[in-house]
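This is structure_29.pdb. It holds PDB, C-alpha atoms.
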ATOM      1  CA  MET J 938     -11.093  84.435  96.185
ATOM      2  CA  LYS J 939     -13.197  81.368  96.903
ATOM      3  CA  GLN J 940     -14.907  81.670  93.504
ATOM      4  CA  VAL J 941     -11.504  81.862  91.787
ATOM      5  CA  GLN J 942     -10.330  78.741  93.616
ATOM      6  CA  THR J 943     -13.536  76.924  92.622
ATOM      7  CA  ARG J 944     -13.021  77.866  88.975
ATOM      8  CA  HIS J 945      -9.427  76.661  89.063
ATOM      9  CA  LYS J 946     -10.499  73.401  90.715
ATOM     10  CA  LEU J 947     -13.210  72.837  88.088
ATOM     11  CA  ALA J 948     -10.762  73.620  85.270
ATOM     12  CA  GLY J 949      -8.322  71.135  86.746
ATOM     13  CA  MET J 950     -11.001  68.448  86.924
ATOM     14  CA  LEU J 951     -11.985  69.058  83.302
ATOM     15  CA  SER J 952      -8.356  69.002  82.165
ATOM     16  CA  ARG J 953      -7.769  65.763  84.049
ATOM     17  CA  ARG J 954     -10.871  64.204  82.495
ATOM     18  CA  SER J 955      -9.699  65.280  79.031
ATOM     19  CA  LEU J 956      -6.285  63.708  79.648
ATOM     20  CA  LEU J 957      -7.855  60.507  80.948
ATOM     21  CA  MET J 958     -10.128  60.281  77.932
ATOM     22  CA  ALA J 959      -7.179  60.832  75.620
ATOM     23  CA  ALA J 960      -5.296  58.076  77.434
ATOM     24  CA  GLY J 961      -8.279  55.740  77.220
ATOM     25  CA  ALA J 962      -8.864  55.682  80.983
ATOM     26  CA  VAL J 963     -12.339  57.221  80.608
ATOM     27  CA  THR J 964     -14.604  55.857  77.887
ATOM     28  CA  PRO J 965     -16.518  58.572  76.009
ATOM     29  CA  PRO J 966     -20.275  58.076  75.567
ATOM     30  CA  ARG J 967     -20.984  55.716  72.691
ATOM     31  CA  LEU J 968     -22.906  56.803  69.633
ATOM     32  CA  ILE J 969     -26.411  55.268  69.594
ATOM     33  CA  ILE J 970     -28.687  55.577  66.567
ATOM     34  CA  ASP J 971     -32.111  53.934  66.333
ATOM     35  CA  THR J 972     -32.312  52.931  62.660
ATOM     36  CA  HIS J 973     -35.979  51.970  62.673
ATOM     37  CA  LEU J 974     -38.489  54.121  64.495
ATOM     38  CA  GLU J 975     -42.217  54.282  63.716
ATOM     39  CA  VAL J 976     -44.287  57.142  65.125
ATOM     40  CA  TRP J 977     -48.002  57.868  64.833
ATOM     41  CA  THR J 978     -50.715  60.060  66.302
ATOM     42  CA  ASP J 979     -54.495  60.410  66.245
ATOM     43  CA  ASP J 980     -54.113  64.068  65.296
ATOM     44  CA  PRO J 981     -56.867  64.629  62.685
ATOM     45  CA  ARG J 982     -54.406  66.505  60.490
ATOM     46  CA  PHE J 983     -52.771  63.130  59.781
ATOM     47  CA  PRO J 984     -55.571  60.601  59.217
ATOM     48  CA  PHE J 985     -54.854  56.905  58.915
ATOM     49  CA  ALA J 986     -55.221  55.577  55.367
ATOM     50  CA  HIS J 987     -54.284  51.900  55.400
ATOM     51  CA  PRO J 988     -54.440  50.713  51.753
ATOM     52  CA  GLU J 989     -55.754  47.254  52.632
ATOM     53  CA  ARG J 990     -57.534  47.941  55.928
ATOM     54  CA  PRO J 991     -59.923  50.879  55.499
ATOM     55  CA  ASP J 992     -61.510  49.835  58.796
ATOM     56  CA  LEU J 993     -58.299  50.677  60.661
ATOM     57  CA  LYS J 994     -58.898  54.154  61.990
ATOM     58  CA  ARG J 995     -57.355  54.037  65.472
ATOM     59  CA  VAL J 996     -54.792  52.038  67.424
ATOM     60  CA  PRO J 997     -54.911  51.388  71.202
ATOM     61  CA  VAL J 998     -51.653  53.199  71.982
ATOM     62  CA  GLN J 999     -50.419  56.488  70.604
ATOM     63  CA  GLY J1000     -46.765  56.934  69.626
ATOM     64  CA  PRO J1001     -46.253  60.637  68.860
ATOM     65  CA  ILE J1002     -42.872  62.030  67.921
ATOM     66  CA  GLU J1003     -42.596  63.914  71.222
ATOM     67  CA  ASN J1004     -42.426  60.615  73.110
ATOM     68  CA  GLN J1005     -39.382  59.577  71.153
ATOM     69  CA  VAL J1006     -37.641  62.914  71.613
ATOM     70  CA  GLU J1007     -37.976  62.456  75.384
ATOM     71  CA  GLN J1008     -36.722  58.879  75.166
ATOM     72  CA  MET J1009     -33.694  59.871  73.098
ATOM     73  CA  LYS J1010     -32.725  62.421  75.739
ATOM     74  CA  GLU J1011     -33.151  59.908  78.550
ATOM     75  CA  PHE J1012     -31.072  57.149  76.956
ATOM     76  CA  GLY J1013     -28.545  59.252  75.081
ATOM     77  CA  LEU J1014     -29.584  58.442  71.500
ATOM     78  CA  LYS J1015     -28.154  60.949  69.048
ATOM     79  CA  TYR J1016     -30.264  60.234  65.938
ATOM     80  CA  ALA J1017     -33.075  58.035  64.673
ATOM     81  CA  VAL J1018     -34.450  56.969  61.308
ATOM     82  CA  LEU J1019     -38.189  57.585  61.075
ATOM     83  CA  VAL J1020     -40.060  54.915  59.090
ATOM     84  CA  THR J1021     -43.690  55.541  58.159
ATOM     85  CA  PRO J1022     -45.991  52.924  59.750
ATOM     86  CA  ARG J1023     -48.603  51.103  57.671
ATOM     87  CA  TYR J1024     -51.417  52.982  59.383
ATOM     88  CA  TYR J1025     -50.865  55.920  57.033
ATOM     89  CA  GLY J1026     -50.749  53.919  53.826
ATOM     90  CA  TRP J1027     -48.807  55.794  51.160
ATOM     91  CA  ASP J1028     -49.131  59.169  52.905
ATOM     92  CA  ALA J1029     -45.984  59.962  54.874
ATOM     93  CA  SER J1030     -47.132  63.433  55.960
ATOM     94  CA  TYR J1031     -46.739  62.778  59.682
ATOM     95  CA  THR J1032     -43.257  61.397  59.158
ATOM     96  CA  SER J1033     -42.385  64.504  57.166
ATOM     97  CA  TYR J1034     -43.900  66.755  59.838
ATOM     98  CA  SER J1035     -41.905  65.012  62.552
ATOM     99  CA  ARG J1036     -38.628  65.289  60.649
ATOM    100  CA  ARG J1037     -39.181  68.980  59.984
ATOM    101  CA  LYS J1038     -40.133  69.680  63.601
ATOM    102  CA  TYR J1039     -36.914  68.085  64.880
ATOM    103  CA  PRO J1040     -34.471  68.384  61.960
ATOM    104  CA  LYS J1041     -31.369  67.823  64.094
ATOM    105  CA  LEU J1042     -32.544  64.436  65.362
ATOM    106  CA  PHE J1043     -34.157  62.548  62.502
ATOM    107  CA  VAL J1044     -33.942  61.381  58.919
ATOM    108  CA  ALA J1045     -36.977  59.833  57.251
ATOM    109  CA  HIS J1046     -38.254  56.937  55.146
ATOM    110  CA  GLY J1047     -41.739  56.727  53.670
ATOM    111  CA  LEU J1048     -43.925  54.105  52.045
ATOM    112  CA  ILE J1049     -44.861  54.074  48.374
ATOM    113  CA  ASN J1050     -47.131  51.727  46.495
ATOM    114  CA  PRO J1051     -44.893  49.110  44.819
ATOM    115  CA  LEU J1052     -47.601  48.426  42.214
ATOM    116  CA  ASP J1053     -47.890  52.057  41.118
ATOM    117  CA  PRO J1054     -46.615  52.226  37.508
ATOM    118  CA  LYS J1055     -45.020  55.576  38.422
ATOM    119  CA  VAL J1056     -43.491  54.368  41.662
ATOM    120  CA  HIS J1057     -40.124  55.889  40.693
ATOM    121  CA  GLU J1058     -41.771  59.300  40.434
ATOM    122  CA  ARG J1059     -43.240  58.902  43.905
ATOM    123  CA  LEU J1060     -39.764  58.148  45.229
ATOM    124  CA  ARG J1061     -38.431  61.297  43.593
ATOM    125  CA  TYR J1062     -41.276  63.350  45.063
ATOM    126  CA  TRP J1063     -40.648  62.335  48.667
ATOM    127  CA  VAL J1064     -36.883  62.715  48.329
ATOM    128  CA  LYS J1065     -36.948  66.055  46.526
ATOM    129  CA  GLU J1066     -39.985  67.703  48.138
ATOM    130  CA  HIS J1067     -39.733  66.305  51.680
ATOM    131  CA  SER J1068     -36.013  65.537  52.018
ATOM    132  CA  PHE J1069     -36.633  61.854  52.688
ATOM    133  CA  GLN J1070     -33.590  59.612  52.417
ATOM    134  CA  GLY J1071     -35.310  56.380  51.486
ATOM    135  CA  MET J1072     -38.328  54.123  51.321
ATOM    136  CA  ARG J1073     -39.542  50.981  53.008
ATOM    137  CA  PHE J1074     -41.125  48.112  51.076
ATOM    138  CA  SER J1075     -42.978  45.212  52.686
ATOM    139  CA  PRO J1076     -43.216  42.162  50.418
ATOM    140  CA  ILE J1077     -43.784  40.163  53.625
ATOM    141  CA  TYR J1078     -47.456  41.136  53.395
ATOM    142  CA  HIS J1079     -47.665  39.689  49.871
ATOM    143  CA  PRO J1080     -45.869  36.334  50.124
ATOM    144  CA  GLN J1081     -46.734  35.281  46.564
ATOM    145  CA  SER J1082     -45.883  38.590  44.904
ATOM    146  CA  THR J1083     -43.107  38.975  42.331
ATOM    147  CA  TRP J1084     -42.942  42.749  41.986
ATOM    148  CA  LEU J1085     -39.701  43.033  43.968
ATOM    149  CA  ASN J1086     -37.422  41.993  41.091
ATOM    150  CA  SER J1087     -39.788  42.719  38.215
ATOM    151  CA  LYS J1088     -38.633  44.751  35.219
ATOM    152  CA  GLU J1089     -41.283  47.280  36.176
ATOM    153  CA  HIS J1090     -39.153  48.083  39.232
ATOM    154  CA  TYR J1091     -35.952  48.736  37.297
ATOM    155  CA  PRO J1092     -36.804  52.458  36.895
ATOM    156  CA  LEU J1093     -37.390  52.659  40.660
ATOM    157  CA  TRP J1094     -33.954  51.262  41.460
ATOM    158  CA  ARG J1095     -32.268  53.413  38.788
ATOM    159  CA  GLU J1096     -33.924  56.472  40.319
ATOM    160  CA  ALA J1097     -32.744  55.401  43.767
ATOM    161  CA  GLU J1098     -29.179  55.178  42.471
ATOM    162  CA  LYS J1099     -29.438  58.724  41.091
ATOM    163  CA  LEU J1100     -30.927  60.101  44.303
ATOM    164  CA  GLY J1101     -28.725  58.169  46.716
ATOM    165  CA  ALA J1102     -31.852  56.706  48.315
ATOM    166  CA  VAL J1103     -31.852  53.856  50.818
ATOM    167  CA  PHE J1104     -34.341  50.969  50.588
ATOM    168  CA  ASN J1105     -35.317  48.884  53.569
ATOM    169  CA  TYR J1106     -37.202  45.628  53.045
ATOM    170  CA  TYR J1107     -39.553  43.845  55.396
ATOM    171  CA  ILE J1108     -39.245  40.506  53.697
ATOM    172  CA  LEU J1109     -39.705  36.746  54.094
ATOM    173  CA  PRO J1110     -36.820  34.277  53.748
ATOM    174  CA  HIS J1111     -38.146  32.727  50.537
ATOM    175  CA  GLN J1112     -38.217  36.204  48.926
ATOM    176  CA  MET J1113     -34.500  36.811  49.477
ATOM    177  CA  PRO J1114     -33.403  35.562  46.022
ATOM    178  CA  MET J1115     -35.453  38.342  44.415
ATOM    179  CA  LEU J1116     -33.706  40.931  46.570
ATOM    180  CA  GLU J1117     -30.358  39.315  45.809
ATOM    181  CA  GLU J1118     -30.968  39.748  42.091
ATOM    182  CA  MET J1119     -31.779  43.449  42.441
ATOM    183  CA  CYS J1120     -28.789  44.131  44.705
ATOM    184  CA  GLY J1121     -26.548  42.614  42.058
ATOM    185  CA  ARG J1122     -28.204  44.561  39.266
ATOM    186  CA  PHE J1123     -28.236  47.927  41.076
ATOM    187  CA  PRO J1124     -25.186  48.083  43.371
ATOM    188  CA  GLY J1125     -25.588  51.824  43.895
ATOM    189  CA  VAL J1126     -28.660  51.360  46.110
ATOM    190  CA  LYS J1127     -28.052  50.868  49.821
ATOM    191  CA  VAL J1128     -30.341  48.169  51.230
ATOM    192  CA  VAL J1129     -31.376  47.321  54.777
ATOM    193  CA  VAL J1130     -33.071  44.004  55.554
ATOM    194  CA  ASP J1131     -35.499  44.614  58.393
ATOM    195  CA  HIS J1132     -35.834  42.566  61.569
ATOM    196  CA  ALA J1133     -33.216  39.884  60.924
ATOM    197  CA  GLY J1134     -34.936  38.647  57.790
ATOM    198  CA  LYS J1135     -37.901  37.212  59.754
ATOM    199  CA  PRO J1136     -36.890  33.568  60.297
ATOM    200  CA  ASP J1137     -40.000  31.496  60.979
ATOM    201  CA  LEU J1138     -39.440  29.811  64.335
ATOM    202  CA  LYS J1139     -42.756  27.999  63.996
ATOM    203  CA  LEU J1140     -41.170  25.686  61.441
ATOM    204  CA  ALA J1141     -39.637  22.429  62.563
ATOM    205  CA  ASP J1142     -36.444  23.559  60.841
ATOM    206  CA  PRO J1143     -36.349  27.258  59.853
ATOM    207  CA  TRP J1144     -32.660  27.198  58.892
ATOM    208  CA  PRO J1145     -32.781  26.131  55.205
ATOM    209  CA  GLU J1146     -35.042  29.056  54.331
ATOM    210  CA  PHE J1147     -33.316  31.465  56.703
ATOM    211  CA  ARG J1148     -29.897  30.799  55.176
ATOM    212  CA  LYS J1149     -31.074  32.219  51.848
ATOM    213  CA  MET J1150     -30.406  35.647  53.335
ATOM    214  CA  PHE J1151     -26.737  34.811  53.825
ATOM    215  CA  ARG J1152     -26.112  35.151  50.081
ATOM    216  CA  LEU J1153     -26.569  38.912  50.537
ATOM    217  CA  LYS J1154     -23.313  39.161  52.490
ATOM    218  CA  LYS J1155     -21.381  39.468  49.215
ATOM    219  CA  PHE J1156     -22.898  42.945  48.708
ATOM    220  CA  PRO J1157     -21.137  45.690  50.691
ATOM    221  CA  GLN J1158     -24.189  47.926  50.206
ATOM    222  CA  VAL J1159     -26.436  45.587  52.250
ATOM    223  CA  TRP J1160     -26.982  45.689  56.012
ATOM    224  CA  ILE J1161     -29.057  43.418  58.262
ATOM    225  CA  SER J1162     -31.082  44.963  61.067
ATOM    226  CA  ASN J1163     -30.729  42.708  64.124
ATOM    227  CA  SER J1164     -33.934  44.009  65.656
ATOM    228  CA  GLU J1165     -37.315  43.041  67.159
ATOM    229  CA  PRO J1166     -36.551  39.740  68.924
ATOM    230  CA  TYR J1167     -40.017  39.890  70.489
ATOM    231  CA  GLU J1168     -41.559  39.473  67.022
ATOM    232  CA  MET J1169     -39.330  36.513  66.139
ATOM    233  CA  THR J1170     -39.571  34.528  69.371
ATOM    234  CA  GLU J1171     -41.934  31.668  70.053
ATOM    235  CA  LEU J1172     -41.127  31.755  73.778
ATOM    236  CA  LYS J1173     -42.699  35.227  74.133
ATOM    237  CA  LYS J1174     -40.665  35.871  77.268
ATOM    238  CA  TYR J1175     -37.665  38.158  77.653
ATOM    239  CA  PRO J1176     -34.760  37.635  76.969
ATOM    240  CA  TYR J1177     -36.059  35.445  74.101
ATOM    241  CA  GLU J1178     -33.428  32.707  74.224
ATOM    242  CA  ASP J1179     -34.780  31.002  71.104
ATOM    243  CA  THR J1180     -33.757  34.009  68.972
ATOM    244  CA  TRP J1181     -30.101  34.077  70.034
ATOM    245  CA  PRO J1182     -28.832  31.443  67.544
ATOM    246  CA  PHE J1183     -30.292  33.433  64.642
ATOM    247  CA  TYR J1184     -28.719  36.729  65.674
ATOM    248  CA  LYS J1185     -25.444  34.925  66.248
ATOM    249  CA  ALA J1186     -25.603  33.304  62.794
ATOM    250  CA  ILE J1187     -26.194  36.697  61.155
ATOM    251  CA  TYR J1188     -23.214  38.088  63.029
ATOM    252  CA  GLU J1189     -20.982  35.171  62.042
ATOM    253  CA  GLU J1190     -21.988  35.450  58.375
ATOM    254  CA  PHE J1191     -22.088  39.220  57.871
ATOM    255  CA  GLY J1192     -19.677  40.474  60.516
ATOM    256  CA  GLY J1193     -19.987  43.551  62.671
ATOM    257  CA  ARG J1194     -19.770  46.039  59.789
ATOM    258  CA  GLN J1195     -22.944  44.842  58.035
ATOM    259  CA  ILE J1196     -25.278  44.783  61.041
ATOM    260  CA  ILE J1197     -27.330  47.658  62.456
ATOM    261  CA  TRP J1198     -29.708  48.084  65.383
ATOM    262  CA  GLY J1199     -33.204  49.498  65.687
ATOM    263  CA  THR J1200     -36.191  49.281  67.994
ATOM    264  CA  GLY J1201     -39.297  49.592  65.827
ATOM    265  CA  TYR J1202     -41.529  51.677  68.079
ATOM    266  CA  PRO J1203     -41.196  54.570  70.494
ATOM    267  CA  ARG J1204     -42.290  55.038  74.064
ATOM    268  CA  PRO J1205     -44.711  53.817  75.318
ATOM    269  CA  ARG J1206     -43.623  50.243  74.568
ATOM    270  CA  TRP J1207     -45.907  47.270  74.866
ATOM    271  CA  GLU J1208     -43.166  44.790  73.955
ATOM    272  CA  LEU J1209     -39.683  45.907  74.974
ATOM    273  CA  PRO J1210     -38.763  49.225  76.628
ATOM    274  CA  MET J1211     -35.551  50.986  75.651
ATOM    275  CA  ASP J1212     -33.514  49.849  78.648
ATOM    276  CA  LYS J1213     -34.282  46.223  77.734
ATOM    277  CA  GLU J1214     -33.602  46.872  74.036
ATOM    278  CA  LEU J1215     -30.068  47.952  74.934
ATOM    279  CA  GLU J1216     -29.640  45.257  77.569
ATOM    280  CA  PHE J1217     -30.547  42.600  75.005
ATOM    281  CA  VAL J1218     -27.638  43.705  72.812
ATOM    282  CA  ASP J1219     -25.172  44.373  75.612
ATOM    283  CA  LYS J1220     -25.872  41.409  77.868
ATOM    284  CA  TYR J1221     -27.680  38.595  76.104
ATOM    285  CA  CYS J1222     -26.034  38.830  72.684
ATOM    286  CA  SER J1223     -22.742  37.967  74.358
ATOM    287  CA  PHE J1224     -21.171  36.899  71.049
ATOM    288  CA  TYR J1225     -20.707  40.534  69.969
ATOM    289  CA  THR J1226     -17.426  42.192  70.797
ATOM    290  CA  ASP J1227     -17.428  45.702  72.259
ATOM    291  CA  GLU J1228     -16.163  46.970  68.909
ATOM    292  CA  ASP J1229     -19.029  45.251  67.087
ATOM    293  CA  ARG J1230     -21.559  46.798  69.445
ATOM    294  CA  ARG J1231     -20.061  50.206  68.776
ATOM    295  CA  LEU J1232     -20.462  49.643  65.057
ATOM    296  CA  MET J1233     -23.981  48.204  65.068
ATOM    297  CA  LEU J1234     -25.432  50.589  67.660
ATOM    298  CA  GLY J1235     -24.332  53.699  65.830
ATOM    299  CA  GLU J1236     -21.311  53.944  63.597
ATOM    300  CA  ASN J1237     -22.533  51.677  60.791
ATOM    301  CA  ALA J1238     -25.593  53.903  60.397
ATOM    302  CA  LEU J1239     -23.325  56.822  59.525
ATOM    303  CA  ARG J1240     -22.302  54.891  56.389
ATOM    304  CA  ILE J1241     -25.933  54.482  55.302
ATOM    305  CA  TRP J1242     -27.725  57.744  56.052
ATOM    306  CA  ARG J1243     -26.766  61.423  55.963
ATOM    307  CA  PHE J1244     -27.542  62.626  59.471
ATOM    308  CA  PRO J1245     -27.675  66.309  60.402
ATOM    309  CA  LYS J1246     -24.552  67.917  61.809
TER     310      LYS J1246
END

Target encoding structure tokens, full file:
Amino acid sequence: MKQVQTRHKLAGMLSRRSLLMAAGAVTPPRLIIDTHLEVWTDDPRFPFAHPERPDLKRVPVQGPIENQVEQMKEFGLKYAVLVTPRYYGWDASYTSYSRRKYPKLFVAHGLINPLDPKVHERLRYWVKEHSFQGMRFSPIYHPQSTWLNSKEHYPLWREAEKLGAVFNYYILPHQMPMLEEMCGRFPGVKVVVDHAGKPDLKLADPWPEFRKMFRLKKFPQVWISNSEPYEMTELKKYPYEDTWPFYKAIYEEFGGRQIIWGTGYPRPRWELPMDKELEFVDKYCSFYTDEDRRLMLGENALRIWRFPK
């Protein structure tokens, strides 16, 4: 009899909670998606192969995929986008391994050599053979390069349109006009600008260069990742007050529907742990509305990537 009463009581509590949620009295857990997550390991099956730093064989801290799985459980993240770190060069095998090991949690981006004359074929390989959904390019490491909007890259962007691939760009402010040209020429390619477009706070006035990114707001297929304040700041102390005006300007220009959120690295963190990552958005970026936070922390990502059901 007591067990029956307990079951009825529990059912009543659940029904009441359901009614409260339907009435808006109880807020359901928000969707959180980390749109930029790099993982790595010293497992000899996945050797480092940095294309410009053959001396780079180890890093001080390991960031295996298992760490991130634990962190996602702890903080309630539903999905993440794996992005191959530079340590592996053009070999995204560990990223592929991680996605396949946890197929319900992750989608994946690799790295491909932008100077490879068959770069479009490499894109097709990783998408078709490894189920990757995009690629990351880093013209930031080649500040004088012009490959981004070269005619040699037209086949790459055409292939991306066919495949539905996403490109994310780690890019300097003065390189934005090249990206703007390609976004206009190939509107079928979804583009993410990494880490707030990297404004240079060392400059006496970083704004003229930084504002070049704002021209991308006319493209509905472009999103800005308001991430990694610890890399932008010159104060080097949380909560990085000197970065706030730049995140606010991006928000005012692009609006809540063209901004996404990501962390960059998994546990263990040597810059900003996950609780502080979320606190930075929720508390210190006070210019966001609750609706905007809901969009940038999760729902916008659903419009960019195809996450597992």

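Residues matched by the PyMOL selection byres ((chain J and resi 1157) around 10) in this file are Cys1120, Pro1124, Lys1127, Val1128, Leu1153, Lys1154, Lys1155, Phe1156, Gln1158, Val1159, Trp1160, Phe1191, Arg1194 and Gln1195 of chain J.
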
Name every residue that the PyMOL selection byres ((chain J and resi 978) around 7) selects in this structure, writing the answer as a tab-separated table (two decimals) with C-alpha atoms, keeping the file's coordinate frame with chains first and numbers rising.
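Final output, saved to selection03.tsv:
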chain	number	residue	atom	x	y	z
J	977	TRP	CA	-48.00	57.87	64.83
J	979	ASP	CA	-54.50	60.41	66.24
J	980	ASP	CA	-54.11	64.07	65.30
J	999	GLN	CA	-50.42	56.49	70.60
J	1000	GLY	CA	-46.76	56.93	69.63
J	1001	PRO	CA	-46.25	60.64	68.86

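Selection check: the PyMOL selection byres ((chain J and resi 1029) around 10) on the shown file gives Phe983, Val1020, Thr1021, Pro1022, Arg1023, Tyr1024, Tyr1025, Gly1026, Trp1027, Asp1028, Ser1030, Tyr1031, Thr1032, Ser1033, Tyr1034, Ala1045, His1046, Gly1047, Leu1048, Ile1049, Trp1063, His1067 and Phe1069 of chain J.
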
Would you save the residues from that selection as a JSON list (two decimals), in the frame of the given file, using C-alpha atoms?
[["chain", "number", "residue", "atom", "x", "y", "z"],
["J", 983, "PHE", "CA", -52.77, 63.13, 59.78],
["J", 1020, "VAL", "CA", -40.06, 54.92, 59.09],
["J", 1021, "THR", "CA", -43.69, 55.54, 58.16],
["J", 1022, "PRO", "CA", -45.99, 52.92, 59.75],
["J", 1023, "ARG", "CA", -48.60, 51.10, 57.67],
["J", 1024, "TYR", "CA", -51.42, 52.98, 59.38],
["J", 1025, "TYR", "CA", -50.86, 55.92, 57.03],
["J", 1026, "GLY", "CA", -50.75, 53.92, 53.83],
["J", 1027, "TRP", "CA", -48.81, 55.79, 51.16],
["J", 1028, "ASP", "CA", -49.13, 59.17, 52.90],
["J", 1030, "SER", "CA", -47.13, 63.43, 55.96],
["J", 1031, "TYR", "CA", -46.74, 62.78, 59.68],
["J", 1032, "THR", "CA", -43.26, 61.40, 59.16],
["J", 1033, "SER", "CA", -42.38, 64.50, 57.17],
["J", 1034, "TYR", "CA", -43.90, 66.76, 59.84],
["J", 1045, "ALA", "CA", -36.98, 59.83, 57.25],
["J", 1046, "HIS", "CA", -38.25, 56.94, 55.15],
["J", 1047, "GLY", "CA", -41.74, 56.73, 53.67],
["J", 1048, "LEU", "CA", -43.92, 54.10, 52.04],
["J", 1049, "ILE", "CA", -44.86, 54.07, 48.37],
["J", 1063, "TRP", "CA", -40.65, 62.34, 48.67],
["J", 1067, "HIS", "CA", -39.73, 66.31, 51.68],
["J", 1069, "PHE", "CA", -36.63, 61.85, 52.69]]

May I have the protein, DNA and RNA residues with an atom at most 8 Å from (-40.8, 50.5, 39.4), counting all atoms listed in the file in the file's coordinates, returned as a PyMOL selection string?
chain J and resi 1051-1057+1087-1094

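Using all atoms listed in the file, the shortest contact distance between Gly1192 in chain J and any of J:Thr1083, J:Met1233, J:Ile970, J:Leu1042 is found at J:Met1233.
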
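The shortest atom-to-atom distance to Gly1235 in chain J, with only C-alpha atoms taken into account, belongs to J:Tyr1016 out of J:Val976, J:Gly1071, J:Pro1203, J:Tyr1016.
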
Compile the contact shell of range 1214-1224 of chain J as a list in words: residues with an atom at most 8 Å away, counting all atoms listed in the file, same-chain residues fewer than 3 positions apart removed.
Pro1176, Trp1181, Tyr1184, Lys1185, Thr1200, Leu1209, Pro1210, Met1211 and Arg1230 of chain J

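The interatomic distance for the pair CA of Ala1102 in chain J and CA of Arg1059 in chain J works out to 12.4 Å.
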
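With only C-alpha atoms as the atoms that count, the residue of J:Val1129, J:Leu974, J:Val998, J:Val1103 with the shortest distance to Trp1207 in chain J is J:Val998.
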
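Across the structure, CA of Met1169 in chain J and CA of Glu975 in chain J are spaced 18.2 Å apart.
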
Can you tell me, as a compact mmCIF listing (two decimals) with C-alpha atoms, keeping the file's coordinate frame, what residues are no more than 8 Å from Pro1166 in chain J when counting all atoms listed in the file, ignoring any on the same chain fewer than 3 positions away?
# COMPACT_ATOMS: atom_id res chain seq x y z
CA HIS J 1132 -35.83 42.57 61.57
CA MET J 1169 -39.33 36.51 66.14
CA THR J 1170 -39.57 34.53 69.37
CA TYR J 1177 -36.06 35.44 74.10
CA THR J 1180 -33.76 34.01 68.97

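Between Gly1013 in chain J and the residues J:Gly1199, J:Pro1114, J:Pro966, J:Gly1121, the shortest atom-to-atom distance, using only C-alpha atoms, involves J:Pro966.
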
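Atom to atom, CA of Asn1050 in chain J and CA of Trp1198 in chain J stand 26.0 Å apart.
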
Contact residues around Leu1239 in chain J with all atoms listed in the file at 12 Å, ignoring same-chain residues under 5 positions, as a PyMOL selection string:
chain J and resi 968-972+1015-1018+1044+1194+1197+1231-1234+1244-1246

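For the residues J:Leu1085, J:Tyr1062, J:His1111, J:Val1006, ranking by smallest atom-to-atom distance to Tyr1039 in chain J using all atoms listed in the file places J:Val1006 first.
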